[in-house]
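Asker: One file: final-v9.csv (CSV, C-alpha atoms).
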chain,number,residue,atom,x,y,z
G,1,MET,CA,108.5,135.7,114.7
G,2,LEU,CA,112.3,135.4,114.4
G,3,VAL,CA,112.3,138.7,112.5
G,4,TRP,CA,111.8,141.6,115.0
G,5,SER,CA,112.3,144.9,113.2
G,6,ARG,CA,109.5,146.3,111.1
G,7,ARG,CA,111.7,146.7,108.0
G,8,SER,CA,112.8,143.1,108.2
G,9,ARG,CA,109.2,141.9,108.5
G,10,TRP,CA,108.2,144.0,105.5
G,11,GLY,CA,111.1,142.5,103.6
G,12,VAL,CA,110.0,139.0,104.4
G,13,LEU,CA,106.4,139.7,103.5
G,14,THR,CA,107.6,141.3,100.2
G,15,VAL,CA,109.7,138.2,99.3
G,16,PHE,CA,106.8,135.9,100.2
G,17,GLY,CA,104.3,138.0,98.2
G,18,ALA,CA,106.6,138.0,95.2
G,19,LEU,CA,107.2,134.2,95.3
G,20,PHE,CA,103.5,133.5,95.9
G,21,GLY,CA,102.5,135.7,93.0
G,22,MET,CA,105.0,134.2,90.6
G,23,ILE,CA,104.4,130.6,91.6
G,24,LEU,CA,100.6,130.5,92.1
G,25,LEU,CA,98.8,133.7,91.1
G,26,ALA,CA,100.6,134.4,87.8
G,27,PRO,CA,99.9,130.9,86.3
G,28,LEU,CA,96.3,131.1,87.3
G,29,LEU,CA,96.0,134.6,85.8
G,30,ILE,CA,97.5,133.4,82.6
G,31,VAL,CA,95.0,130.5,82.4
G,32,VAL,CA,92.1,132.9,83.0
G,33,LEU,CA,93.4,135.3,80.3
G,34,ALA,CA,94.0,132.5,77.8
G,35,ALA,CA,90.5,131.1,78.4
G,36,PHE,CA,89.1,134.4,77.1
G,37,ALA,CA,91.8,135.3,74.5
G,38,SER,CA,90.9,135.5,70.9
G,39,GLU,CA,94.6,135.7,70.0
G,40,TRP,CA,97.9,136.1,71.9
G,41,ASN,CA,100.9,137.3,70.0
G,42,SER,CA,102.3,139.7,72.5
G,43,VAL,CA,102.7,140.1,76.3
G,44,LEU,CA,98.9,140.4,76.7
G,45,PRO,CA,96.1,138.9,74.6
G,46,GLY,CA,95.2,140.8,71.4
G,47,GLY,CA,91.5,140.5,72.1
G,48,LEU,CA,88.9,138.9,74.3
G,49,THR,CA,86.1,136.4,73.5
G,50,THR,CA,83.8,134.0,75.2
G,51,THR,CA,83.9,131.5,72.4
G,52,HIS,CA,86.3,129.1,74.1
G,53,LEU,CA,84.3,129.2,77.4
G,54,GLN,CA,81.1,128.4,75.4
G,55,ALA,CA,82.9,125.4,73.8
G,56,ALA,CA,84.1,124.4,77.3
G,57,LEU,CA,80.5,124.3,78.5
G,58,SER,CA,79.4,122.0,75.7
G,59,ALA,CA,77.6,118.8,76.4
G,60,ASP,CA,80.8,116.7,75.8
G,61,ASN,CA,82.9,118.7,78.2
G,62,LEU,CA,80.2,118.8,80.8
G,63,ALA,CA,80.0,115.1,80.5
G,64,SER,CA,83.7,114.8,81.2
G,65,LEU,CA,83.3,117.2,84.2
G,66,SER,CA,80.5,114.9,85.5
G,67,VAL,CA,82.7,111.9,85.2
G,68,SER,CA,85.5,113.8,87.1
G,69,ILE,CA,83.0,114.7,89.9
G,70,GLN,CA,81.6,111.1,90.1
G,71,THR,CA,85.1,109.6,90.2
G,72,ALA,CA,86.4,112.1,92.8
G,73,LEU,CA,83.4,111.5,95.1
G,74,LEU,CA,83.6,107.8,94.9
G,75,SER,CA,87.3,107.6,95.1
G,76,GLY,CA,87.5,110.1,97.9
G,77,ALA,CA,84.7,108.4,99.9
G,78,ALA,CA,86.5,105.0,99.6
G,79,ALA,CA,89.8,106.5,100.6
G,80,VAL,CA,88.3,108.3,103.6
G,81,LEU,CA,86.4,105.2,104.8
G,82,VAL,CA,89.4,102.9,104.5
G,83,GLY,CA,91.8,105.6,105.8
G,84,THR,CA,89.7,106.4,108.8
G,85,ALA,CA,89.1,102.8,109.7
G,86,ALA,CA,92.9,102.1,109.3
G,87,ALA,CA,93.9,105.1,111.4
G,88,LEU,CA,91.5,104.1,114.2
G,89,SER,CA,92.8,100.5,114.1
G,90,ALA,CA,96.5,101.5,113.9
G,91,ALA,CA,96.2,103.8,116.9
G,92,ARG,CA,95.5,100.8,119.1
G,93,LEU,CA,98.5,98.8,117.8
G,94,PRO,CA,102.0,98.5,119.4
G,95,PRO,CA,104.4,101.3,118.3
G,96,MET,CA,106.5,99.0,116.0
G,97,LEU,CA,103.5,97.6,114.2
G,98,ARG,CA,101.9,101.0,114.0
G,99,ARG,CA,105.0,102.4,112.2
G,100,THR,CA,104.8,99.4,109.8
G,101,VAL,CA,101.2,100.2,109.0
G,102,ASP,CA,102.1,103.9,108.4
G,103,LEU,CA,104.8,102.8,106.0
G,104,LEU,CA,102.4,100.6,104.0
G,105,PHE,CA,99.8,103.3,103.7
G,106,HIS,CA,102.3,105.9,102.5
G,107,LEU,CA,103.7,103.7,99.8
G,108,PRO,CA,101.5,105.1,97.0
G,109,VAL,CA,102.9,108.6,97.8
G,110,ALA,CA,106.5,107.3,97.5
G,111,VAL,CA,106.1,106.1,93.9
G,112,PRO,CA,105.0,108.0,90.7
G,113,SER,CA,101.3,107.8,89.9
G,114,VAL,CA,102.1,106.1,86.6
G,115,VAL,CA,103.6,103.2,88.6
G,116,VAL,CA,100.3,102.8,90.5
G,117,GLY,CA,98.4,102.9,87.2
G,118,LEU,CA,100.7,100.3,85.7
G,119,GLY,CA,100.3,98.1,88.8
G,120,MET,CA,96.5,98.4,88.6
G,121,LEU,CA,96.6,97.6,84.9
G,122,VAL,CA,98.6,94.4,85.4
G,123,ALA,CA,96.8,93.3,88.5
G,124,PHE,CA,93.2,93.7,87.2
G,125,SER,CA,93.4,92.8,83.5
G,126,GLN,CA,92.5,89.2,84.0
G,127,PRO,CA,90.2,87.1,86.2
G,128,PRO,CA,89.3,86.6,89.0
G,129,VAL,CA,89.1,90.4,89.4
G,130,LEU,CA,88.7,91.9,85.9
G,131,LEU,CA,88.4,95.7,86.1
G,132,ASN,CA,90.4,96.8,83.0
G,133,GLY,CA,88.1,98.6,80.5
G,134,THR,CA,85.6,99.7,83.2
G,135,ARG,CA,85.2,102.8,85.3
G,136,TRP,CA,86.0,100.9,88.4
G,137,ILE,CA,89.7,100.6,87.7
G,138,VAL,CA,89.9,104.4,87.4
G,139,ILE,CA,88.0,104.9,90.7
G,140,ALA,CA,90.1,102.3,92.4
G,141,SER,CA,93.4,103.7,91.2
G,142,GLN,CA,92.5,107.2,92.4
G,143,ALA,CA,91.4,105.9,95.7
G,144,VAL,CA,94.7,104.2,96.2
G,145,LEU,CA,96.6,107.4,95.3
G,146,VAL,CA,94.8,109.6,97.8
G,147,LEU,CA,94.5,106.9,100.6
G,148,ALA,CA,97.7,108.0,102.2
G,149,PHE,CA,96.5,111.6,102.6
G,150,ALA,CA,93.2,110.5,104.2
G,151,TYR,CA,95.0,108.1,106.5
G,152,SER,CA,97.5,110.8,107.5
G,153,THR,CA,94.9,113.5,108.2
G,154,VAL,CA,92.9,111.3,110.5
G,155,SER,CA,95.9,109.8,112.2
G,156,ALA,CA,97.2,113.3,113.0
G,157,ALA,CA,93.8,114.2,114.5
G,158,LEU,CA,93.8,111.0,116.6
G,159,LEU,CA,97.1,112.0,118.2
G,160,ARG,CA,95.5,115.2,119.4
G,161,LEU,CA,92.5,113.6,121.0
G,162,ASP,CA,92.5,113.3,124.7
G,163,PRO,CA,92.5,109.6,125.6
G,164,GLY,CA,90.8,110.4,128.9
G,165,LEU,CA,87.5,111.1,127.1
G,166,ALA,CA,87.2,107.5,125.8
G,167,GLN,CA,88.5,106.1,129.2
G,168,ILE,CA,85.8,108.1,131.1
G,169,ALA,CA,83.1,106.9,128.8
G,170,GLY,CA,84.3,103.3,129.2
G,171,SER,CA,84.4,103.6,132.9
G,172,LEU,CA,80.8,104.6,132.9
G,173,GLY,CA,79.9,101.4,131.1
G,174,ALA,CA,79.9,102.5,127.5
G,175,ARG,CA,80.8,99.7,125.0
G,176,PRO,CA,83.7,100.3,122.6
G,177,THR,CA,81.4,100.7,119.6
G,178,HIS,CA,79.3,103.2,121.6
G,179,VAL,CA,82.5,105.2,122.5
G,180,LEU,CA,83.6,105.2,118.9
G,181,ARG,CA,80.2,106.3,117.6
G,182,ARG,CA,79.4,108.9,120.3
G,183,VAL,CA,82.8,110.2,121.4
G,184,GLU,CA,85.6,109.6,119.0
G,185,LEU,CA,84.0,110.0,115.6
G,186,PRO,CA,82.2,113.3,116.4
G,187,LEU,CA,85.6,114.7,117.6
G,188,LEU,CA,87.2,113.4,114.4
G,189,LEU,CA,84.6,114.8,112.1
G,190,PRO,CA,86.5,118.0,111.2
G,191,ALA,CA,89.6,115.9,110.3
G,192,ILE,CA,87.5,113.5,108.3
G,193,ALA,CA,85.9,116.4,106.4
G,194,ALA,CA,89.4,117.8,105.7
G,195,ALA,CA,90.5,114.4,104.5
G,196,ALA,CA,87.5,114.2,102.2
G,197,SER,CA,88.1,117.7,100.8
G,198,LEU,CA,91.8,116.9,100.2
G,199,SER,CA,91.0,113.6,98.6
G,200,VAL,CA,88.4,115.0,96.3
G,201,ALA,CA,90.6,117.9,95.3
G,202,LEU,CA,93.5,115.6,94.4
G,203,CYS,CA,91.2,113.2,92.5
G,204,MET,CA,89.7,116.1,90.4
G,205,GLY,CA,93.1,116.9,89.0
G,206,GLU,CA,94.6,113.4,88.8
G,207,LEU,CA,96.1,112.5,85.4
G,208,GLY,CA,99.1,110.2,85.6
G,209,ALA,CA,97.4,107.0,86.5
G,210,THR,CA,94.0,107.8,84.9
G,211,ILE,CA,95.4,108.4,81.4
G,212,MET,CA,96.8,104.8,81.5
G,213,LEU,CA,93.5,103.2,82.7
G,214,TYR,CA,90.5,105.1,81.5
G,215,PRO,CA,88.0,103.6,79.0
G,216,ALA,CA,86.6,105.7,76.2
G,217,SER,CA,83.3,105.9,78.0
G,218,TRP,CA,84.8,107.2,81.3
G,219,ARG,CA,87.0,110.2,80.3
G,220,THR,CA,87.7,112.7,83.0
G,221,LEU,CA,88.1,116.4,82.3
G,222,PRO,CA,91.9,116.5,83.0
G,223,ILE,CA,92.3,113.9,80.2
G,224,SER,CA,90.4,116.2,77.9
G,225,ILE,CA,92.6,119.1,78.9
G,226,PHE,CA,95.7,117.1,78.3
G,227,GLY,CA,94.4,116.0,74.8
G,228,LEU,CA,93.7,119.6,73.9
G,229,SER,CA,97.0,120.9,75.0
G,230,ASP,CA,98.8,118.1,73.3
G,231,ARG,CA,97.1,119.1,70.0
G,232,GLY,CA,98.1,122.8,70.6
G,233,ASP,CA,94.6,124.1,71.3
G,234,THR,CA,95.8,126.1,74.3
G,235,PHE,CA,92.9,128.5,74.5
G,236,LEU,CA,90.2,125.8,74.7
G,237,ALA,CA,92.4,123.8,77.2
G,238,SER,CA,92.6,126.9,79.4
G,239,ALA,CA,88.8,127.3,79.2
G,240,ASP,CA,88.4,123.7,80.2
G,241,THR,CA,90.9,124.2,83.0
G,242,LEU,CA,88.8,127.2,84.2
G,243,VAL,CA,85.7,125.0,84.2
G,244,LEU,CA,87.6,122.3,86.2
G,245,LEU,CA,88.7,124.9,88.8
G,246,LEU,CA,85.2,126.2,89.2
G,247,GLY,CA,83.7,122.8,89.5
G,248,THR,CA,86.3,121.7,92.1
G,249,TYR,CA,85.7,124.9,94.1
G,250,LEU,CA,82.0,124.4,94.2
G,251,LEU,CA,82.4,120.7,95.1
G,252,LEU,CA,84.8,121.5,97.9
G,253,THR,CA,82.4,124.2,99.2
G,254,VAL,CA,79.6,121.6,99.4
G,255,ILE,CA,81.9,119.1,101.2
G,256,SER,CA,83.1,121.8,103.6
G,257,GLY,CA,79.5,122.8,104.5
G,258,ALA,CA,78.5,119.2,105.0
G,259,GLY,CA,81.4,118.6,107.3
G,260,ARG,CA,80.5,121.4,109.7
G,261,VAL,CA,79.2,120.2,113.1
G,262,ARG,CA,76.7,122.3,114.9
G,263,ILE,CA,76.7,121.6,118.6
G,264,PRO,CA,73.3,122.4,120.0
G,265,ARG,CA,73.2,124.8,122.9
G,266,LEU,CA,71.5,123.7,126.1
G,267,SER,CA,68.3,125.6,126.7
G,268,HIS,CA,67.5,127.1,130.1
G,269,ARG,CA,65.0,124.4,130.7
G,270,SER,CA,67.4,121.5,129.8
G,271,ARG,CA,70.0,122.8,132.3
G,272,HIS,CA,67.6,122.1,135.1
Kindly transcribe the structure held in the file into structure tokens.
Answerer:
Amino acid sequence: MLVWSRRSRWGVLTVFGALFGMILLAPLLIVVLAAFASEWNSVLPGGLTTTHLQAALSADNLASLSVSIQTALLSGAAAVLVGTAAALSAARLPPMLRRTVDLLFHLPVAVPSVVVGLGMLVAFSQPPVLLNGTRWIVIASQAVLVLAFAYSTVSAALLRLDPGLAQIAGSLGARPTHVLRRVELPLLLPAIAAAASLSVALCMGELGATIMLYPASWRTLPISIFGLSDRGDTFLASADTLVLLLGTYLLLTVISGAGRVRIPRLSHRSRH
């Protein structure tokens, strides 16, 4: 650390803790309190109730949560597949062409999400590819929005791979597809799992492009939350937000567990 004295370190930690508490913990705490508040006319809620949470767990809201999960999984999977394939291909390109590919894949991050939504709406509202009014335009738009994050995560992991491993496998007669399947992809699996987690988390909370594109039969939970807050129903919106947070946490826990790689240990017999 650049701060050497104990007093200075404690000062830095105190400032960090204060900023972390005000920026992240305090809003989350307010949302949790509002989800259980019966009224709020002072600094703290005037009473607590589970009515809003019960309403947030109604069949209609759970259907919106299911739509959010399905959209996040499909969009995240598409982004990870395309981003991983693009990162593997770009790593073998000349430096100038590789920088061009990087720029193209990062374009969705450089523009607001509503611009992406408007572009998708204009592009896919008429034949030959008619997606407007279907769930697929929502899934496609969210995949485009998170594609840059999946591509960047896998590309960064590729830069840390030892190229000698693939070269050794190739010198032993392994085909490029075999090297990719047995050497590179297993080493990239933690980065791919991280890209999947990040993509799914971003898709679960996406609103800007989705609100422009979603059909009535494919309403995600963030859209429901936005509608409730727009009508002034803050308590029920907070309860829905709490359900969204819990659903996202459980989904990311499952993805994180699925992405863990267990390397089997060699038994005493196999070593001989």
Asker: Please indicate the distance in Å from atom CA of G:His52 to atom CA of G:Leu236, rounded to one decimal place.
Answerer: 5.1 Å
Asker: If you count all atoms listed in the file, which residues fall within 10 Å of G:Gly119, apart from same-chain ones fewer than 6 positions away, as a VMD selection string?
Answerer: chain G and resid 113 141 209
Asker: Residues of the last selection are to be written out with C-alpha atoms, as a PDB file, in the coordinates of the input.
Answerer:
ATOM      1  CA  SER G 113     101.300 107.800  89.900  1.00  0.00           C
ATOM      2  CA  SER G 141      93.400 103.700  91.200  1.00  0.00           C
ATOM      3  CA  ALA G 209      97.400 107.000  86.500  1.00  0.00           C
TER       4      ALA G 209
END
Asker: How far is it from atom CA of G:Leu74 to atom CA of G:Leu244, in Å with one decimal?
Answerer: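 Taking atom CA of G:Leu74 and atom CA of G:Leu244, their separation equals 17.4 Å.
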Asker: What are the nearest atom pairs, with distances in Å to one decimal, for all residues of stretch 133-187 of chain G that come at most 7 Å from stretch 83-93 of chain G, using only C-alpha atoms, set out by chain and rising residue number as CSV?
Answerer:
residue,atom,partner,partner_atom,distance
G:Leu147,CA,G:Gly83,CA,6.0
G:Ala150,CA,G:Gly83,CA,5.3
G:Tyr151,CA,G:Gly83,CA,4.1
G:Val154,CA,G:Thr84,CA,6.1
G:Ser155,CA,G:Ala87,CA,5.2
Asker: What's the separation between atom CA of G:Thr14 and atom CA of G:Ile30, in Å to one decimal place?
Answerer: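 That distance, rounded to one decimal, is 21.8 Å.
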Asker: Write out as a PyMOL selection string which residues come within 10 Å of G:Ile139 when counting only C-alpha atoms, dropping same-chain ones fewer than 3 positions away.
Answerer: chain G and resi 68+70-76+78+134-136+142-144+203+210+213-214
Asker: Counting all atoms listed in the file, note down every residue that has an atom within 6 Å of the point (85.1, 128.5, 80.2) (file coordinates), as a list in words.
Answerer: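 Neighbouring residues, ordered by chain and number, come to Leu53, Ala56, Ala239, Asp240, Leu242 and Val243 of chain G.
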Asker: For a quick check of understanding, using only C-alpha atoms, which of G:Ala237, G:Val179, G:Leu65, G:Val254 has the smallest distance to G:Val31?
Answerer: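 Ranked by minimum distance to G:Val31, first place goes to G:Ala237.
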Asker: Measuring atom to atom with all atoms listed in the file, identify which of G:Leu198, G:Pro128, G:Ser256, G:Gly205 is nearest to G:Thr241.
Answerer: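 Of the candidates, the smallest distance to G:Thr241 is held by G:Gly205.
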Asker: List the neighbours of G:Thr153 out to 7 Å using all atoms listed in the file; skip same-chain residues closer than 3 positions along the sequence, and give me the result as an NGL selection string.
Answerer: :G and (149-150 or 156-157 or 191 or 195)
Asker: Nearest to G:Ala37 among G:Thr49, G:Arg7, G:Ala63, G:Met120, with distances taken over only C-alpha atoms: which residue is it?
Answerer: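 Comparing G:Thr49, G:Arg7, G:Ala63, G:Met120 against G:Ala37, the winner is G:Thr49.
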Asker: With distances taken over all atoms listed in the file, which residue among G:Gly11, G:Phe235, G:Ile192, G:Leu228 lies nearest G:Thr51?
Answerer: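 Looking at the shortest contact to G:Thr51, the residue is G:Phe235.
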